[in-house]
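Peer 1: Pasting a structure here, questions to come.
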Amino acid sequence: MSLLDSRVPAVLLRIDRNPFHHGTLGAVRSLGRAGVEVHVVADSMASPVHASRFVRQMHLPPAPGASTREIATVLHRVAAVVGRPAVLIPMDDAGAIAAGLLREDLAPAYLLPRQPGTLPGRVADKAQLAGMCAATGVPHPVTLVPDSAEDAAAATRRLGLPVVAKWSRPWLVPAGIGLRSTVLVHSAREARELYLRTGEAGSPLLLQAYLPPGPGLDWFFHGYADHAGVLRAGGSGNKQLAWPRGAGLTAAGRWTPDPEVRALAERLTGELGYRGIFDLDFRRCGHTGRYHLLDFNPRPGAQFRLFSDSAGLDVVRALHLDLTDRPLPAGVPLPGREFVVENYAPLNALRPAPRGRELAWHAPDDPAPGRVMWALWARHVTGRLAGRLPLRARQAPSPAPRPRPGTVPRVNARDLPHALTDDEKASSC
């Protein structure tokens, strides 16, 4: 018999259109295996999630950049279909922020943790997070918020190059404008040019002291703060491989208990009065050994299933149990357990894992999403490679004219073999 109350469905909300968000599939499987009816509000056509046998129904999501009121309209429409109160689990920052602000409006159709409605937005805002860390004594990289292009250039001289440039509210950055949420800046000119695009990004630019990555330096902590503020489920993990390398999401990670990381998580969530699921990213300074908080995500991290203990408890199940007034089982942690995203770290997925391993996409009891993912991934990679080829290589060559008998064909110098330039070498890889 399931520990979870199967009479209470769950609604997963994802506004971001990333088709390869494996965390959403992890939540679907975690709850579905426990007998919970799972509804997913997300882009269904471009994601493998829709193929999971544990999805009861997919629902059209709000448009990217939707207002809080527009998100509420979508959720009320879904609630009418579900027909009874459901646990709402936002899977991205935009959804978590909206859910916090809408908690009273969404009740009683949805169950959500009870906390200040603005708190998810405050912790997700990277500028406000820096101030919270300073107030609570949690180490954080030195962060400056320039108020002009020249101030941005001056900040690089103060911090020392390279510096990390971040948009304070990355969920507001429109897709397709060539801006990334976080970049490494190598000159004052780059910082100045980035600042001039603040209006496009939708939030202030932050410049942050750079902590170099290295083996064993990137850490994360996933947890659930229950109705009393006690941290339940989850744990600390070490990032073994990132995608993109050095500064991306966790492609391969290992459950590695660290008392200092846990103490920092407890201090910060306790001081803030945070309730619900959270995902913290840390980087340890190679010189001082101190852990610096880089990000506070007010929702499940994509690799949350790494921290499934001996009782099968993870942060998503902990949320459902707590909000439905059910006791949380006292499971035993499983340190050494691994999590691998197959399309980002295929070799890691093939190596032995003596302490156990969870794959992001493949599951023996739910194989269809894995098959769909590989088909989509092949199409994605092929498109990216085709886009990198020079224009001439992508155009079908016209057949060369055949020379008349007795004549010598003319040869143009540009058709002779030549050494590749650096740009051509890069585009041919």
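As shown in the structure tokens, the chain order sets the letters A, B, ...; within each chain, residues go from 1, and ligands are also counted from 1 in the order they appear.
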Find the spatial neighbours of A:Ala152, counting only C-alpha atoms, within a cut-off of 7 Å - ignore same-chain residues fewer than 3 positions away - and output them as JSON, numbers by chain.
Peer 2: {"A": [146, 148, 149, 155, 156, 191, 192, 195]}
Peer 1: Which residues are close to A:Ala175, i.e. within 9 Å by only C-alpha atoms, leaving aside same-chain residues fewer than 3 positions away? Reply as a list in words.
Peer 2: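 The filter keeps Pro64, Gly178 and Leu179 of chain A.
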Peer 1: Create the file for the chosen residues now, containing all heavy atoms and written as a CSV table (one decimal), in the first residue's frame.
Peer 2:
chain,number,residue,atom,x,y,z
A,64,PRO,N,5.3,31.5,-22.7
A,64,PRO,CA,6.5,32.1,-22.1
A,64,PRO,C,6.3,33.6,-21.8
A,64,PRO,O,5.8,34.3,-22.7
A,64,PRO,CB,7.6,31.8,-23.1
A,64,PRO,CG,7.1,30.6,-23.8
A,64,PRO,CD,5.6,30.8,-23.9
A,178,GLY,N,19.6,36.1,-28.2
A,178,GLY,CA,21.0,35.9,-28.1
A,178,GLY,C,21.6,36.2,-26.7
A,178,GLY,O,22.9,36.4,-26.6
A,179,LEU,N,20.8,36.3,-25.7
A,179,LEU,CA,21.3,36.6,-24.3
A,179,LEU,C,21.2,35.3,-23.5
A,179,LEU,O,20.1,34.6,-23.5
A,179,LEU,CB,20.5,37.7,-23.6
A,179,LEU,CG,20.8,39.1,-24.1
A,179,LEU,CD1,19.9,40.1,-23.3
A,179,LEU,CD2,22.2,39.5,-23.9
Peer 1: Taking into account only C-alpha atoms, which residue in the set A:Arg169, A:His362, A:His140, A:Arg275 is nearest to A:Leu294?
Peer 2: A:His140
Peer 1: What separation in Å, quoted to one decimal, exists between atom CA of A:Asp281 and atom CA of A:Ala153?
Peer 2: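 These two atoms are separated by 27.2 Å.
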Peer 1: Calculate how many Å separate atom CA of A:Phe220 from atom CA of A:Asn343, rounding to one decimal.
Peer 2: 20.9 Å
Peer 1: Quick one: everything within 8 Å of A:Ile15, counting only C-alpha atoms, minus sequence neighbours fewer than 3 positions away in the same chain. Send it as JSON, numbers by chain.
Peer 2: {"A": [41, 42, 43, 61, 62, 63, 64, 92, 94, 95]}
Peer 1: Could you save the residues just selected, with N, CA, C and O atoms, as a PDB file, in the first residue's frame?
Peer 2:
ATOM      1  N   VAL A  41       1.133  20.323 -16.810  1.00  0.00           N
ATOM      2  CA  VAL A  41       0.874  21.549 -17.563  1.00  0.00           C
ATOM      3  C   VAL A  41       2.204  21.963 -18.174  1.00  0.00           C
ATOM      4  O   VAL A  41       3.048  22.590 -17.540  1.00  0.00           O
ATOM      5  N   ALA A  42       2.440  21.576 -19.426  1.00  0.00           N
ATOM      6  CA  ALA A  42       3.715  21.818 -20.094  1.00  0.00           C
ATOM      7  C   ALA A  42       3.544  21.600 -21.585  1.00  0.00           C
ATOM      8  O   ALA A  42       2.527  21.065 -22.041  1.00  0.00           O
ATOM      9  N   ASP A  43       4.562  22.007 -22.342  1.00  0.00           N
ATOM     10  CA  ASP A  43       4.557  21.796 -23.783  1.00  0.00           C
ATOM     11  C   ASP A  43       4.614  20.301 -24.049  1.00  0.00           C
ATOM     12  O   ASP A  43       5.600  19.641 -23.742  1.00  0.00           O
ATOM     13  N   PRO A  61       0.261  24.770 -21.564  1.00  0.00           N
ATOM     14  CA  PRO A  61       0.838  25.645 -20.544  1.00  0.00           C
ATOM     15  C   PRO A  61       0.599  27.113 -20.868  1.00  0.00           C
ATOM     16  O   PRO A  61       0.191  27.461 -21.991  1.00  0.00           O
ATOM     17  N   PRO A  62       0.857  28.006 -19.907  1.00  0.00           N
ATOM     18  CA  PRO A  62       0.853  29.440 -20.219  1.00  0.00           C
ATOM     19  C   PRO A  62       1.974  29.748 -21.217  1.00  0.00           C
ATOM     20  O   PRO A  62       2.960  29.012 -21.311  1.00  0.00           O
ATOM     21  N   ALA A  63       1.824  30.817 -21.946  1.00  0.00           N
ATOM     22  CA  ALA A  63       2.861  31.210 -22.896  1.00  0.00           C
ATOM     23  C   ALA A  63       4.101  31.688 -22.134  1.00  0.00           C
ATOM     24  O   ALA A  63       3.987  32.210 -21.018  1.00  0.00           O
ATOM     25  N   PRO A  64       5.307  31.501 -22.693  1.00  0.00           N
ATOM     26  CA  PRO A  64       6.506  32.060 -22.056  1.00  0.00           C
ATOM     27  C   PRO A  64       6.330  33.561 -21.847  1.00  0.00           C
ATOM     28  O   PRO A  64       5.845  34.272 -22.732  1.00  0.00           O
ATOM     29  N   ASP A  92       9.644  25.076 -12.632  1.00  0.00           N
ATOM     30  CA  ASP A  92      10.614  26.096 -13.028  1.00  0.00           C
ATOM     31  C   ASP A  92      10.395  27.337 -12.169  1.00  0.00           C
ATOM     32  O   ASP A  92       9.411  27.447 -11.430  1.00  0.00           O
ATOM     33  N   ALA A  94       9.736  30.530 -12.919  1.00  0.00           N
ATOM     34  CA  ALA A  94       8.591  31.384 -13.236  1.00  0.00           C
ATOM     35  C   ALA A  94       7.310  30.817 -12.625  1.00  0.00           C
ATOM     36  O   ALA A  94       6.483  31.551 -12.076  1.00  0.00           O
ATOM     37  N   GLY A  95       7.142  29.499 -12.713  1.00  0.00           N
ATOM     38  CA  GLY A  95       5.962  28.867 -12.132  1.00  0.00           C
ATOM     39  C   GLY A  95       5.954  28.945 -10.622  1.00  0.00           C
ATOM     40  O   GLY A  95       4.898  29.171 -10.006  1.00  0.00           O
TER      41      GLY A  95
END
Peer 1: So what do you get for atom CA of A:Arg267 versus atom CA of A:Leu13, distance-wise?
Peer 2: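 About the pair atom CA of A:Arg267 and atom CA of A:Leu13: they are 28.4 Å apart.
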Peer 1: With distances taken over only C-alpha atoms, which of A:Pro85, A:Gly270, A:Pro354, A:Gly202 is nearest to A:Pro108?
Peer 2: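 Closest residue, counting only C-alpha atoms: A:Pro85.
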Peer 1: Just list as a PyMOL selection string whatever in stretch 150-208 of chain A DSSP marks as strand (DSSP E).
Peer 2: chain A and resi 163-167+182-185+205-208
Peer 1: Could you write out that same residue set with N, CA, C and O atoms as a PDB file, in the first residue's frame?
Peer 2:
ATOM      1  N   VAL A 163      35.043  37.888 -14.979  1.00  0.00           N
ATOM      2  CA  VAL A 163      33.958  38.021 -14.011  1.00  0.00           C
ATOM      3  C   VAL A 163      32.731  37.289 -14.553  1.00  0.00           C
ATOM      4  O   VAL A 163      32.589  37.105 -15.768  1.00  0.00           O
ATOM      5  N   VAL A 164      31.854  36.898 -13.650  1.00  0.00           N
ATOM      6  CA  VAL A 164      30.602  36.240 -14.028  1.00  0.00           C
ATOM      7  C   VAL A 164      29.526  37.302 -14.176  1.00  0.00           C
ATOM      8  O   VAL A 164      29.319  38.112 -13.269  1.00  0.00           O
ATOM      9  N   ALA A 165      28.861  37.321 -15.317  1.00  0.00           N
ATOM     10  CA  ALA A 165      27.756  38.247 -15.552  1.00  0.00           C
ATOM     11  C   ALA A 165      26.443  37.470 -15.526  1.00  0.00           C
ATOM     12  O   ALA A 165      26.304  36.455 -16.204  1.00  0.00           O
ATOM     13  N   LYS A 166      25.491  37.956 -14.724  1.00  0.00           N
ATOM     14  CA  LYS A 166      24.191  37.306 -14.593  1.00  0.00           C
ATOM     15  C   LYS A 166      23.090  38.343 -14.694  1.00  0.00           C
ATOM     16  O   LYS A 166      23.257  39.489 -14.272  1.00  0.00           O
ATOM     17  N   TRP A 167      21.963  37.913 -15.237  1.00  0.00           N
ATOM     18  CA  TRP A 167      20.772  38.739 -15.163  1.00  0.00           C
ATOM     19  C   TRP A 167      20.045  38.397 -13.884  1.00  0.00           C
ATOM     20  O   TRP A 167      19.884  37.225 -13.536  1.00  0.00           O
ATOM     21  N   THR A 182      23.612  33.433 -17.786  1.00  0.00           N
ATOM     22  CA  THR A 182      24.913  33.598 -17.133  1.00  0.00           C
ATOM     23  C   THR A 182      26.015  33.439 -18.173  1.00  0.00           C
ATOM     24  O   THR A 182      25.993  32.494 -18.963  1.00  0.00           O
ATOM     25  N   VAL A 183      26.979  34.374 -18.173  1.00  0.00           N
ATOM     26  CA  VAL A 183      28.124  34.276 -19.081  1.00  0.00           C
ATOM     27  C   VAL A 183      29.383  34.694 -18.335  1.00  0.00           C
ATOM     28  O   VAL A 183      29.325  35.407 -17.325  1.00  0.00           O
ATOM     29  N   LEU A 184      30.525  34.272 -18.851  1.00  0.00           N
ATOM     30  CA  LEU A 184      31.811  34.666 -18.310  1.00  0.00           C
ATOM     31  C   LEU A 184      32.340  35.817 -19.158  1.00  0.00           C
ATOM     32  O   LEU A 184      32.483  35.686 -20.378  1.00  0.00           O
ATOM     33  N   VAL A 185      32.606  36.947 -18.526  1.00  0.00           N
ATOM     34  CA  VAL A 185      33.050  38.158 -19.212  1.00  0.00           C
ATOM     35  C   VAL A 185      34.563  38.289 -19.068  1.00  0.00           C
ATOM     36  O   VAL A 185      35.109  38.175 -17.958  1.00  0.00           O
ATOM     37  N   LEU A 205      21.634  43.827 -14.528  1.00  0.00           N
ATOM     38  CA  LEU A 205      22.830  43.018 -14.737  1.00  0.00           C
ATOM     39  C   LEU A 205      23.627  42.950 -13.439  1.00  0.00           C
ATOM     40  O   LEU A 205      23.820  43.965 -12.761  1.00  0.00           O
ATOM     41  N   LEU A 206      24.106  41.750 -13.097  1.00  0.00           N
ATOM     42  CA  LEU A 206      24.977  41.556 -11.940  1.00  0.00           C
ATOM     43  C   LEU A 206      26.358  41.125 -12.429  1.00  0.00           C
ATOM     44  O   LEU A 206      26.459  40.327 -13.363  1.00  0.00           O
ATOM     45  N   LEU A 207      27.383  41.636 -11.791  1.00  0.00           N
ATOM     46  CA  LEU A 207      28.748  41.188 -12.049  1.00  0.00           C
ATOM     47  C   LEU A 207      29.289  40.586 -10.760  1.00  0.00           C
ATOM     48  O   LEU A 207      29.217  41.193  -9.697  1.00  0.00           O
ATOM     49  N   GLN A 208      29.830  39.384 -10.889  1.00  0.00           N
ATOM     50  CA  GLN A 208      30.155  38.577  -9.712  1.00  0.00           C
ATOM     51  C   GLN A 208      31.590  38.076  -9.795  1.00  0.00           C
ATOM     52  O   GLN A 208      32.073  37.719 -10.879  1.00  0.00           O
TER      53      GLN A 208
END
Peer 1: Of the candidates A:Pro141, A:Pro90, A:Gly223, A:Gly383, which one gets nearest to A:Ile71 if we count only C-alpha atoms?
Peer 2: A:Pro90
Peer 1: Near A:Asp279, counting only C-alpha atoms, which residues have an atom at most 12 Å away, once you skip same-chain residues fewer than 2 positions from it, shown as a PyMOL selection string?
Peer 2: chain A and resi 23+91-93+120+123-124+219-225+234-237+262+265+269+276-277+281-282+293-304+307+315-316
Peer 1: Residues within 12 Å of A:Arg283, please, as a PyMOL selection string. Count only C-alpha atoms; anything in the same chain fewer than 4 positions from it doesn't count.
Peer 2: chain A and resi 139-141+210-221+237-239+246-247+261+287-295
Peer 1: Among stretch 125-358 of chain A, which residues does DSSP mark as alpha helix (DSSP H) when it is run on the backbone? Keep the chain and numbering as in the structure and answer as number ranges by chain.
Peer 2: A: 126-136, 149-159, 188-195, 198-201, 259-272, 315-323, 346-350
Peer 1: Which residue gives the smallest distance to A:His39 among A:Cys133, A:Leu3, A:Ile89, A:Ala252, with only C-alpha atoms counted?
Peer 2: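 Using only C-alpha atoms, the shortest distance to A:His39 belongs to A:Ile89.
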Peer 1: Name the residues in contact with A:Val87 at a cut-off of 9 Å, using only C-alpha atoms, excluding same-chain residues fewer than 6 positions from it; report them as a PyMOL selection string.
Peer 2: chain A and resi 8-12+109-112+319-320+323-324
Peer 1: Counting only C-alpha atoms, which residue out of A:Ser6, A:Pro48, A:Ala251, A:Ala99 sits closest to A:Trp374?
Peer 2: A:Pro48
